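**Student:** See run.cif below, with mmCIF, N, CA and C atoms.
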```cif
data_final
loop_
_atom_site.label_atom_id
_atom_site.label_comp_id
_atom_site.auth_asym_id
_atom_site.auth_seq_id
_atom_site.Cartn_x
_atom_site.Cartn_y
_atom_site.Cartn_z
N MET A 192 -154.34 -119.63 -37.59
CA MET A 192 -153.72 -120.45 -38.62
C MET A 192 -154.58 -121.68 -38.93
N ILE A 193 -155.08 -122.35 -37.89
CA ILE A 193 -155.89 -123.54 -38.11
C ILE A 193 -157.17 -123.19 -38.86
N ARG A 194 -157.69 -122.00 -38.61
CA ARG A 194 -158.90 -121.57 -39.32
C ARG A 194 -158.65 -121.50 -40.82
N HIS A 195 -157.51 -120.95 -41.20
CA HIS A 195 -157.19 -120.83 -42.62
C HIS A 195 -157.00 -122.20 -43.25
N VAL A 196 -156.37 -123.10 -42.55
CA VAL A 196 -156.16 -124.46 -43.06
C VAL A 196 -157.51 -125.14 -43.29
N LEU A 197 -158.44 -124.96 -42.37
CA LEU A 197 -159.76 -125.58 -42.55
C LEU A 197 -160.50 -124.98 -43.75
N VAL A 198 -160.35 -123.69 -43.99
CA VAL A 198 -160.96 -123.07 -45.17
C VAL A 198 -160.35 -123.67 -46.43
N TYR A 199 -159.02 -123.79 -46.45
CA TYR A 199 -158.35 -124.36 -47.63
C TYR A 199 -158.80 -125.80 -47.86
N LEU A 200 -158.89 -126.59 -46.80
CA LEU A 200 -159.33 -127.98 -46.95
C LEU A 200 -160.76 -128.05 -47.48
N TRP A 201 -161.64 -127.17 -46.98
CA TRP A 201 -163.01 -127.13 -47.48
C TRP A 201 -163.03 -126.80 -48.98
N LEU A 202 -162.25 -125.79 -49.37
CA LEU A 202 -162.24 -125.38 -50.77
C LEU A 202 -161.65 -126.47 -51.67
N ILE A 203 -160.64 -127.16 -51.19
CA ILE A 203 -160.09 -128.28 -51.95
C ILE A 203 -161.17 -129.35 -52.14
N ALA A 204 -161.90 -129.65 -51.08
CA ALA A 204 -162.98 -130.63 -51.17
C ALA A 204 -164.04 -130.18 -52.17
N VAL A 205 -164.41 -128.91 -52.14
CA VAL A 205 -165.42 -128.39 -53.07
C VAL A 205 -164.94 -128.54 -54.51
N TYR A 206 -163.70 -128.18 -54.78
CA TYR A 206 -163.19 -128.27 -56.14
C TYR A 206 -163.00 -129.71 -56.59
N VAL A 207 -162.61 -130.61 -55.70
CA VAL A 207 -162.49 -132.03 -56.05
C VAL A 207 -163.86 -132.61 -56.39
N VAL A 208 -164.85 -132.32 -55.56
CA VAL A 208 -166.20 -132.80 -55.84
C VAL A 208 -166.72 -132.20 -57.15
N THR A 209 -166.41 -130.94 -57.39
CA THR A 209 -166.79 -130.30 -58.65
C THR A 209 -166.17 -131.04 -59.83
N ALA A 210 -164.89 -131.38 -59.73
CA ALA A 210 -164.21 -132.08 -60.81
C ALA A 210 -164.82 -133.46 -61.05
N ILE A 211 -165.18 -134.14 -59.97
CA ILE A 211 -165.77 -135.48 -60.10
C ILE A 211 -167.17 -135.41 -60.69
N THR A 212 -167.96 -134.46 -60.22
CA THR A 212 -169.36 -134.40 -60.65
C THR A 212 -169.58 -133.63 -61.94
N ALA A 213 -168.55 -132.97 -62.47
CA ALA A 213 -168.72 -132.21 -63.71
C ALA A 213 -169.07 -133.12 -64.87
N THR A 214 -168.56 -134.34 -64.84
CA THR A 214 -168.82 -135.28 -65.94
C THR A 214 -169.58 -136.52 -65.49
N ASN A 215 -169.75 -136.70 -64.18
CA ASN A 215 -170.47 -137.86 -63.66
C ASN A 215 -171.59 -137.39 -62.76
N ASN A 216 -172.77 -137.90 -62.99
CA ASN A 216 -173.92 -137.54 -62.16
C ASN A 216 -174.01 -138.52 -60.99
N ILE A 217 -173.35 -138.16 -59.88
CA ILE A 217 -173.31 -139.09 -58.74
C ILE A 217 -174.51 -138.94 -57.82
N LEU A 218 -175.30 -137.90 -58.02
CA LEU A 218 -176.52 -137.71 -57.24
C LEU A 218 -177.72 -137.70 -58.19
N PRO A 219 -178.07 -138.86 -58.74
CA PRO A 219 -179.15 -138.87 -59.72
C PRO A 219 -180.49 -138.48 -59.12
N VAL A 220 -181.18 -137.62 -59.83
CA VAL A 220 -182.53 -137.20 -59.45
C VAL A 220 -183.36 -137.16 -60.72
N PRO A 221 -184.69 -137.20 -60.59
CA PRO A 221 -185.52 -137.05 -61.78
C PRO A 221 -185.23 -135.72 -62.47
N PRO A 222 -185.35 -135.67 -63.79
CA PRO A 222 -185.00 -134.45 -64.54
C PRO A 222 -185.72 -133.19 -64.03
N GLU A 223 -186.96 -133.34 -63.59
CA GLU A 223 -187.69 -132.15 -63.13
C GLU A 223 -187.14 -131.60 -61.81
N LEU A 224 -186.34 -132.38 -61.10
CA LEU A 224 -185.76 -131.93 -59.83
C LEU A 224 -184.29 -131.55 -59.95
N LEU A 225 -183.73 -131.69 -61.13
CA LEU A 225 -182.30 -131.44 -61.32
C LEU A 225 -181.90 -130.01 -60.96
N GLU A 226 -182.65 -129.03 -61.46
CA GLU A 226 -182.30 -127.63 -61.18
C GLU A 226 -182.47 -127.31 -59.70
N ALA A 227 -183.51 -127.84 -59.06
CA ALA A 227 -183.70 -127.61 -57.62
C ALA A 227 -182.54 -128.21 -56.83
N ARG A 228 -182.09 -129.40 -57.21
CA ARG A 228 -180.95 -130.03 -56.53
C ARG A 228 -179.71 -129.15 -56.69
N ASN A 229 -179.47 -128.65 -57.91
CA ASN A 229 -178.29 -127.81 -58.14
C ASN A 229 -178.33 -126.53 -57.31
N ILE A 230 -179.50 -125.92 -57.22
CA ILE A 230 -179.64 -124.70 -56.43
C ILE A 230 -179.35 -124.99 -54.95
N ILE A 231 -179.91 -126.07 -54.44
CA ILE A 231 -179.70 -126.43 -53.03
C ILE A 231 -178.23 -126.72 -52.76
N VAL A 232 -177.59 -127.48 -53.65
CA VAL A 232 -176.17 -127.82 -53.47
C VAL A 232 -175.31 -126.57 -53.52
N HIS A 233 -175.53 -125.72 -54.52
CA HIS A 233 -174.71 -124.50 -54.65
C HIS A 233 -174.93 -123.56 -53.46
N ALA A 234 -176.18 -123.31 -53.10
CA ALA A 234 -176.46 -122.38 -52.00
C ALA A 234 -175.88 -122.90 -50.68
N THR A 235 -176.05 -124.18 -50.42
CA THR A 235 -175.53 -124.76 -49.17
C THR A 235 -174.01 -124.74 -49.14
N THR A 236 -173.40 -125.12 -50.24
CA THR A 236 -171.93 -125.13 -50.32
C THR A 236 -171.36 -123.74 -50.06
N TYR A 237 -171.96 -122.74 -50.66
CA TYR A 237 -171.43 -121.39 -50.50
C TYR A 237 -171.87 -120.73 -49.20
N ALA A 238 -172.95 -121.16 -48.61
CA ALA A 238 -173.29 -120.69 -47.26
C ALA A 238 -172.23 -121.18 -46.28
N ILE A 239 -171.84 -122.45 -46.41
CA ILE A 239 -170.76 -122.99 -45.57
C ILE A 239 -169.46 -122.24 -45.85
N THR A 240 -169.18 -121.97 -47.12
CA THR A 240 -167.98 -121.22 -47.49
C THR A 240 -168.00 -119.83 -46.85
N GLY A 241 -169.16 -119.16 -46.88
CA GLY A 241 -169.28 -117.85 -46.26
C GLY A 241 -169.02 -117.88 -44.77
N VAL A 242 -169.58 -118.89 -44.09
CA VAL A 242 -169.34 -119.03 -42.65
C VAL A 242 -167.85 -119.24 -42.38
N LEU A 243 -167.23 -120.13 -43.16
CA LEU A 243 -165.81 -120.43 -42.94
C LEU A 243 -164.92 -119.22 -43.24
N LEU A 244 -165.23 -118.49 -44.31
CA LEU A 244 -164.44 -117.29 -44.61
C LEU A 244 -164.56 -116.25 -43.50
N ALA A 245 -165.77 -116.05 -43.00
CA ALA A 245 -165.96 -115.09 -41.89
C ALA A 245 -165.25 -115.56 -40.64
N TRP A 246 -165.35 -116.84 -40.35
CA TRP A 246 -164.69 -117.41 -39.17
C TRP A 246 -163.18 -117.26 -39.27
N ALA A 247 -162.63 -117.52 -40.47
CA ALA A 247 -161.18 -117.42 -40.66
C ALA A 247 -160.71 -115.96 -40.53
N GLY A 248 -161.56 -115.02 -40.94
CA GLY A 248 -161.17 -113.61 -40.89
C GLY A 248 -161.56 -112.91 -39.60
N ASP A 249 -162.19 -113.63 -38.70
CA ASP A 249 -162.67 -113.02 -37.46
C ASP A 249 -161.51 -112.68 -36.53
N ARG A 250 -161.60 -111.53 -35.94
CA ARG A 250 -160.62 -111.10 -34.93
C ARG A 250 -161.38 -110.80 -33.65
N PRO A 251 -161.06 -111.50 -32.56
CA PRO A 251 -161.77 -111.27 -31.31
C PRO A 251 -161.73 -109.80 -30.90
N GLY A 252 -162.89 -109.30 -30.49
CA GLY A 252 -162.98 -107.93 -30.03
C GLY A 252 -163.17 -106.91 -31.13
N GLN A 253 -163.16 -107.34 -32.38
CA GLN A 253 -163.36 -106.41 -33.49
C GLN A 253 -164.65 -106.75 -34.21
N ARG A 254 -165.30 -105.71 -34.71
CA ARG A 254 -166.53 -105.91 -35.50
C ARG A 254 -166.18 -106.05 -36.98
N PHE A 255 -167.03 -106.77 -37.68
CA PHE A 255 -166.91 -106.80 -39.13
C PHE A 255 -167.50 -105.51 -39.68
N ASP A 256 -166.72 -104.77 -40.45
CA ASP A 256 -167.29 -103.58 -41.09
C ASP A 256 -167.76 -103.97 -42.49
N ALA A 257 -168.44 -103.05 -43.14
CA ALA A 257 -169.00 -103.32 -44.47
C ALA A 257 -167.91 -103.66 -45.48
N GLY A 258 -166.77 -103.00 -45.36
CA GLY A 258 -165.67 -103.27 -46.28
C GLY A 258 -165.14 -104.68 -46.17
N ALA A 259 -164.99 -105.16 -44.93
CA ALA A 259 -164.50 -106.52 -44.73
C ALA A 259 -165.49 -107.54 -45.26
N LEU A 260 -166.77 -107.31 -45.02
CA LEU A 260 -167.79 -108.23 -45.53
C LEU A 260 -167.82 -108.21 -47.05
N LEU A 261 -167.62 -107.05 -47.65
CA LEU A 261 -167.60 -106.96 -49.11
C LEU A 261 -166.41 -107.74 -49.68
N VAL A 262 -165.27 -107.63 -49.04
CA VAL A 262 -164.09 -108.37 -49.49
C VAL A 262 -164.35 -109.88 -49.41
N LEU A 263 -164.97 -110.32 -48.32
CA LEU A 263 -165.28 -111.75 -48.18
C LEU A 263 -166.30 -112.20 -49.22
N LEU A 264 -167.28 -111.35 -49.51
CA LEU A 264 -168.28 -111.69 -50.52
C LEU A 264 -167.66 -111.76 -51.91
N ILE A 265 -166.77 -110.83 -52.22
CA ILE A 265 -166.08 -110.86 -53.51
C ILE A 265 -165.18 -112.09 -53.60
N THR A 266 -164.55 -112.45 -52.49
CA THR A 266 -163.74 -113.67 -52.46
C THR A 266 -164.60 -114.89 -52.79
N ALA A 267 -165.78 -114.97 -52.19
CA ALA A 267 -166.69 -116.08 -52.48
C ALA A 267 -167.12 -116.06 -53.95
N LEU A 268 -167.39 -114.88 -54.48
CA LEU A 268 -167.77 -114.76 -55.89
C LEU A 268 -166.65 -115.27 -56.79
N LEU A 269 -165.41 -114.89 -56.50
CA LEU A 269 -164.27 -115.34 -57.30
C LEU A 269 -164.08 -116.86 -57.18
N LEU A 270 -164.33 -117.41 -56.01
CA LEU A 270 -164.27 -118.86 -55.86
C LEU A 270 -165.34 -119.52 -56.72
N GLY A 271 -166.51 -118.92 -56.80
CA GLY A 271 -167.57 -119.43 -57.66
C GLY A 271 -167.20 -119.34 -59.13
N VAL A 272 -166.55 -118.24 -59.52
CA VAL A 272 -166.09 -118.10 -60.91
C VAL A 272 -165.10 -119.22 -61.22
N GLY A 273 -164.18 -119.47 -60.30
CA GLY A 273 -163.22 -120.57 -60.50
C GLY A 273 -163.91 -121.92 -60.65
N GLN A 274 -164.93 -122.14 -59.86
CA GLN A 274 -165.67 -123.40 -59.94
C GLN A 274 -166.39 -123.51 -61.29
N GLU A 275 -166.98 -122.42 -61.77
CA GLU A 275 -167.67 -122.45 -63.06
C GLU A 275 -166.68 -122.65 -64.21
N VAL A 276 -165.51 -122.04 -64.13
CA VAL A 276 -164.48 -122.23 -65.15
C VAL A 276 -164.04 -123.69 -65.16
N LEU A 277 -163.83 -124.26 -63.99
CA LEU A 277 -163.44 -125.67 -63.89
C LEU A 277 -164.50 -126.57 -64.53
N GLN A 278 -165.77 -126.32 -64.22
CA GLN A 278 -166.83 -127.11 -64.82
C GLN A 278 -166.84 -126.97 -66.33
N SER A 279 -166.67 -125.76 -66.82
CA SER A 279 -166.67 -125.53 -68.27
C SER A 279 -165.51 -126.27 -68.94
N LEU A 280 -164.34 -126.22 -68.34
CA LEU A 280 -163.18 -126.90 -68.90
C LEU A 280 -163.37 -128.42 -68.92
N LEU A 281 -163.91 -128.95 -67.86
CA LEU A 281 -164.10 -130.40 -67.78
C LEU A 281 -165.21 -130.90 -68.68
N ARG A 282 -166.23 -130.09 -68.87
CA ARG A 282 -167.35 -130.49 -69.74
C ARG A 282 -167.06 -130.19 -71.21
N GLY A 283 -166.09 -129.34 -71.47
CA GLY A 283 -165.74 -129.00 -72.83
C GLY A 283 -166.71 -128.05 -73.50
N ARG A 284 -167.53 -127.38 -72.72
CA ARG A 284 -168.46 -126.40 -73.29
C ARG A 284 -168.74 -125.32 -72.25
N ILE A 285 -169.10 -124.17 -72.73
CA ILE A 285 -169.43 -123.04 -71.84
C ILE A 285 -170.93 -122.84 -71.88
N ARG A 286 -171.52 -122.84 -70.72
CA ARG A 286 -172.96 -122.59 -70.59
C ARG A 286 -173.10 -121.26 -69.85
N LEU A 287 -173.19 -120.17 -70.60
CA LEU A 287 -173.12 -118.84 -70.01
C LEU A 287 -174.28 -118.54 -69.05
N LEU A 288 -175.52 -118.71 -69.49
CA LEU A 288 -176.64 -118.35 -68.62
C LEU A 288 -176.73 -119.25 -67.37
N PRO A 289 -176.61 -120.58 -67.52
CA PRO A 289 -176.61 -121.39 -66.29
C PRO A 289 -175.45 -121.04 -65.36
N SER A 290 -174.29 -120.72 -65.94
CA SER A 290 -173.14 -120.36 -65.10
C SER A 290 -173.38 -119.06 -64.36
N LEU A 291 -173.99 -118.08 -65.03
CA LEU A 291 -174.30 -116.81 -64.36
C LEU A 291 -175.33 -117.03 -63.25
N PHE A 292 -176.31 -117.89 -63.51
CA PHE A 292 -177.30 -118.19 -62.46
C PHE A 292 -176.62 -118.89 -61.29
N ASP A 293 -175.72 -119.85 -61.58
CA ASP A 293 -174.98 -120.52 -60.51
C ASP A 293 -174.17 -119.52 -59.69
N LEU A 294 -173.55 -118.55 -60.36
CA LEU A 294 -172.79 -117.53 -59.62
C LEU A 294 -173.70 -116.69 -58.73
N PHE A 295 -174.89 -116.39 -59.21
CA PHE A 295 -175.86 -115.66 -58.39
C PHE A 295 -176.23 -116.48 -57.15
N VAL A 296 -176.49 -117.77 -57.35
CA VAL A 296 -176.85 -118.65 -56.22
C VAL A 296 -175.66 -118.80 -55.27
N ASP A 297 -174.46 -118.96 -55.84
CA ASP A 297 -173.25 -119.08 -55.00
C ASP A 297 -173.06 -117.83 -54.13
N THR A 298 -173.16 -116.67 -54.76
CA THR A 298 -172.96 -115.41 -54.04
C THR A 298 -174.05 -115.19 -53.00
N SER A 299 -175.28 -115.54 -53.35
CA SER A 299 -176.39 -115.43 -52.38
C SER A 299 -176.16 -116.36 -51.20
N GLY A 300 -175.74 -117.58 -51.47
CA GLY A 300 -175.44 -118.53 -50.39
C GLY A 300 -174.32 -118.01 -49.50
N ALA A 301 -173.27 -117.45 -50.12
CA ALA A 301 -172.16 -116.90 -49.33
C ALA A 301 -172.63 -115.74 -48.47
N ALA A 302 -173.50 -114.89 -49.02
CA ALA A 302 -174.03 -113.76 -48.24
C ALA A 302 -174.81 -114.27 -47.03
N VAL A 303 -175.60 -115.31 -47.23
CA VAL A 303 -176.34 -115.90 -46.11
C VAL A 303 -175.37 -116.44 -45.06
N GLY A 304 -174.32 -117.12 -45.52
CA GLY A 304 -173.31 -117.65 -44.60
C GLY A 304 -172.59 -116.56 -43.82
N LEU A 305 -172.24 -115.47 -44.51
CA LEU A 305 -171.58 -114.34 -43.84
C LEU A 305 -172.50 -113.71 -42.80
N LEU A 306 -173.75 -113.53 -43.18
CA LEU A 306 -174.71 -112.95 -42.22
C LEU A 306 -174.96 -113.90 -41.06
N LEU A 307 -175.06 -115.17 -41.35
CA LEU A 307 -175.26 -116.16 -40.29
C LEU A 307 -174.12 -116.09 -39.28
N TYR A 308 -172.89 -116.02 -39.80
CA TYR A 308 -171.75 -115.96 -38.89
C TYR A 308 -171.71 -114.65 -38.11
N THR A 309 -171.83 -113.53 -38.82
CA THR A 309 -171.65 -112.24 -38.15
C THR A 309 -172.80 -111.88 -37.25
N ARG A 310 -174.00 -112.34 -37.55
CA ARG A 310 -175.17 -111.95 -36.76
C ARG A 310 -175.58 -112.98 -35.73
N VAL A 311 -175.30 -114.25 -35.99
CA VAL A 311 -175.80 -115.30 -35.08
C VAL A 311 -174.65 -116.02 -34.39
N LEU A 312 -173.81 -116.68 -35.16
CA LEU A 312 -172.78 -117.53 -34.56
C LEU A 312 -171.77 -116.72 -33.75
N ARG A 313 -171.32 -115.61 -34.30
CA ARG A 313 -170.35 -114.79 -33.58
C ARG A 313 -170.97 -114.17 -32.33
N THR A 314 -172.22 -113.76 -32.43
CA THR A 314 -172.92 -113.19 -31.28
C THR A 314 -173.05 -114.21 -30.17
N GLN A 315 -173.37 -115.46 -30.53
CA GLN A 315 -173.49 -116.51 -29.52
C GLN A 315 -172.14 -116.79 -28.86
N ALA A 316 -171.07 -116.79 -29.66
CA ALA A 316 -169.74 -117.04 -29.10
C ALA A 316 -169.34 -115.93 -28.14
N VAL A 317 -169.60 -114.67 -28.51
CA VAL A 317 -169.28 -113.54 -27.63
C VAL A 317 -170.11 -113.63 -26.36
N SER A 318 -171.39 -113.98 -26.46
CA SER A 318 -172.25 -114.11 -25.28
C SER A 318 -171.75 -115.21 -24.37
N ALA A 319 -171.33 -116.33 -24.95
CA ALA A 319 -170.82 -117.43 -24.15
C ALA A 319 -169.54 -117.04 -23.41
N MET A 320 -168.68 -116.27 -24.09
CA MET A 320 -167.44 -115.83 -23.44
C MET A 320 -167.74 -114.83 -22.32
N THR A 321 -168.72 -113.97 -22.55
CA THR A 321 -169.12 -113.00 -21.53
C THR A 321 -169.71 -113.70 -20.32
N ASP A 322 -170.57 -114.69 -20.56
CA ASP A 322 -171.19 -115.45 -19.48
C ASP A 322 -170.14 -116.22 -18.68
N ALA A 323 -169.13 -116.76 -19.39
CA ALA A 323 -168.09 -117.52 -18.71
C ALA A 323 -167.23 -116.62 -17.84
N ALA A 324 -167.05 -115.36 -18.27
CA ALA A 324 -166.26 -114.40 -17.51
C ALA A 324 -166.98 -113.95 -16.24
N ASP A 325 -168.30 -114.00 -16.27
CA ASP A 325 -169.08 -113.58 -15.09
C ASP A 325 -169.04 -114.61 -14.04
#
```
How does the structure come out when it is put into structure tokens?

**Tutor:**
Amino acid sequence: MIRHVLVYLWLIAVYVVTAITATNNILPVPPELLEARNIIVHATTYAITGVLLAWAGDRPGQRFDAGALLVLLITALLLGVGQEVLQSLLRGRIRLLPSLFDLFVDTSGAAVGLLLYTRVLRTQAVSAMTDAAD
């Protein structure tokens, strides 16, 4: 239960920051670095989202199968769609190509987060529990 609450709190924070930054540039950078900053922010945000979604859906003693990972990835994609819709509504314009690129970066970041959790973080936790049992 606490895992789900933490995911919800993270997502609320992401959407609040999205609402604030959609019309205000609170992280000013030179124009030539703007796209790089956006890519880093989106990829990092959704990598964290991927880790949290995997952590919330983790069941001790069970492996993540491809279907479960696909559901989590689609969930992250839909969260990204919601974020892009929110940005479009707040800005009063639709930017189709940048939004599609942002969704690609969001989904890629989430995939990295899911893989990080399932291949590294979860493995370390299982190893630590095994070592403690010995």

**Student:** Name all residues at most 6 Å from A:His233 (count only N, CA and C atoms; drop same-chain ones fewer than 4 positions away) and give them as a list in words.

**Tutor:**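 Within the cut-off, the hits are Arg228, Asn229, Tyr237, Ala238, Val296, Asp297 and Gly300 of chain A.
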
**Student:** Which polymer residues have any atom within 8 Å of an atom of stretch 198-206 of chain A, counting only C-alpha atoms, with same-chain residues fewer than 3 positions away left out, as a VMD selection string?

**Tutor:** chain A and resid 194 to 195 209 to 210 236 240 243 to 244 247 274

**Student:** For the residues in that selection, give me N, CA and C atoms as an mmCIF file, keeping the file's coordinate frame.

**Tutor:**
```
data_model
loop_
_atom_site.group_PDB
_atom_site.id
_atom_site.type_symbol
_atom_site.label_atom_id
_atom_site.label_comp_id
_atom_site.auth_asym_id
_atom_site.auth_seq_id
_atom_site.Cartn_x
_atom_site.Cartn_y
_atom_site.Cartn_z
ATOM 1 N N ARG A 194 -157.690 -122.000 -38.610
ATOM 2 C CA ARG A 194 -158.900 -121.570 -39.320
ATOM 3 C C ARG A 194 -158.650 -121.500 -40.820
ATOM 4 N N HIS A 195 -157.510 -120.950 -41.200
ATOM 5 C CA HIS A 195 -157.190 -120.830 -42.620
ATOM 6 C C HIS A 195 -157.000 -122.200 -43.250
ATOM 7 N N THR A 209 -166.410 -130.940 -57.390
ATOM 8 C CA THR A 209 -166.790 -130.300 -58.650
ATOM 9 C C THR A 209 -166.170 -131.040 -59.830
ATOM 10 N N ALA A 210 -164.890 -131.380 -59.730
ATOM 11 C CA ALA A 210 -164.210 -132.080 -60.810
ATOM 12 C C ALA A 210 -164.820 -133.460 -61.050
ATOM 13 N N THR A 236 -173.400 -125.120 -50.240
ATOM 14 C CA THR A 236 -171.930 -125.130 -50.320
ATOM 15 C C THR A 236 -171.360 -123.740 -50.060
ATOM 16 N N THR A 240 -169.180 -121.970 -47.120
ATOM 17 C CA THR A 240 -167.980 -121.220 -47.490
ATOM 18 C C THR A 240 -168.000 -119.830 -46.850
ATOM 19 N N LEU A 243 -167.230 -120.130 -43.160
ATOM 20 C CA LEU A 243 -165.810 -120.430 -42.940
ATOM 21 C C LEU A 243 -164.920 -119.220 -43.240
ATOM 22 N N LEU A 244 -165.230 -118.490 -44.310
ATOM 23 C CA LEU A 244 -164.440 -117.290 -44.610
ATOM 24 C C LEU A 244 -164.560 -116.250 -43.500
ATOM 25 N N ALA A 247 -162.630 -117.520 -40.470
ATOM 26 C CA ALA A 247 -161.180 -117.420 -40.660
ATOM 27 C C ALA A 247 -160.710 -115.960 -40.530
ATOM 28 N N GLN A 274 -164.930 -122.140 -59.860
ATOM 29 C CA GLN A 274 -165.670 -123.400 -59.940
ATOM 30 C C GLN A 274 -166.390 -123.510 -61.290
#
```

**Student:** Select, from A:Gly241, A:Gly252, A:Pro221, A:Gly258, the residue with the minimum atom-to-atom distance to A:Ala302, counting only C-alpha atoms.

**Tutor:**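 Result for the nearest residue to A:Ala302: A:Gly241.
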
**Student:** Set up a box along x, y and z of the file covering all listed atoms of stretch 236-241 of chain A, add 8 Å on every one of the six sides, and write the centre and edge lengths in Å to one decimal, as lines of an AutoDock Vina configuration file.

**Tutor:**
```
center_x = -170.7
center_y = -121.5
center_z = -47.7
size_x = 21.4
size_y = 23.3
size_z = 21.9
```

**Student:** Going by DSSP on the backbone, which bits of chain A are alpha helix (DSSP H)? Write them as number ranges by chain, please.

**Tutor:** A: 193-212, 225-248, 257-282, 287-306, 313-324

**Student:** Find the distance between atom C of A:Leu264 and atom CA of A:Thr298 and write it in Å to one decimal.

**Tutor:** 6.8 Å

**Student:** How far is it from atom CA of A:Ala257 to atom CA of A:Leu312, in Å with one decimal?

**Tutor:**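 Value for the atom CA of A:Ala257-atom CA of A:Leu312 distance: 17.7 Å.
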
**Student:** Counting only C-alpha atoms, figure out which residue out of A:Thr314, A:Thr309, A:Asn215, A:Ser299 gets nearest to A:Leu268.

**Tutor:**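 Checking each candidate against A:Leu268, we get A:Ser299 as the closest.
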
**Student:** For atom C of A:Asp249 and atom C of A:Tyr308, quote the distance in Å rounded to one decimal.

**Tutor:**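 Computed distance, atom C of A:Asp249 to atom C of A:Tyr308, equals 10.5 Å.
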
**Student:** Given the choices A:Ile230, A:Gly248, A:Ala301, A:Phe292, which gets closest to A:Ala267 if the distance is worked out from only N, CA and C atoms?

**Tutor:**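 Checking each candidate against A:Ala267, we get A:Ala301 as the closest.
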
**Student:** Check the smallest atom-to-atom distance from each of A:Gln278, A:Val311, A:Leu291, A:Val196 to A:Thr214 using only C-alpha atoms, then report the winner.

**Tutor:** A:Gln278
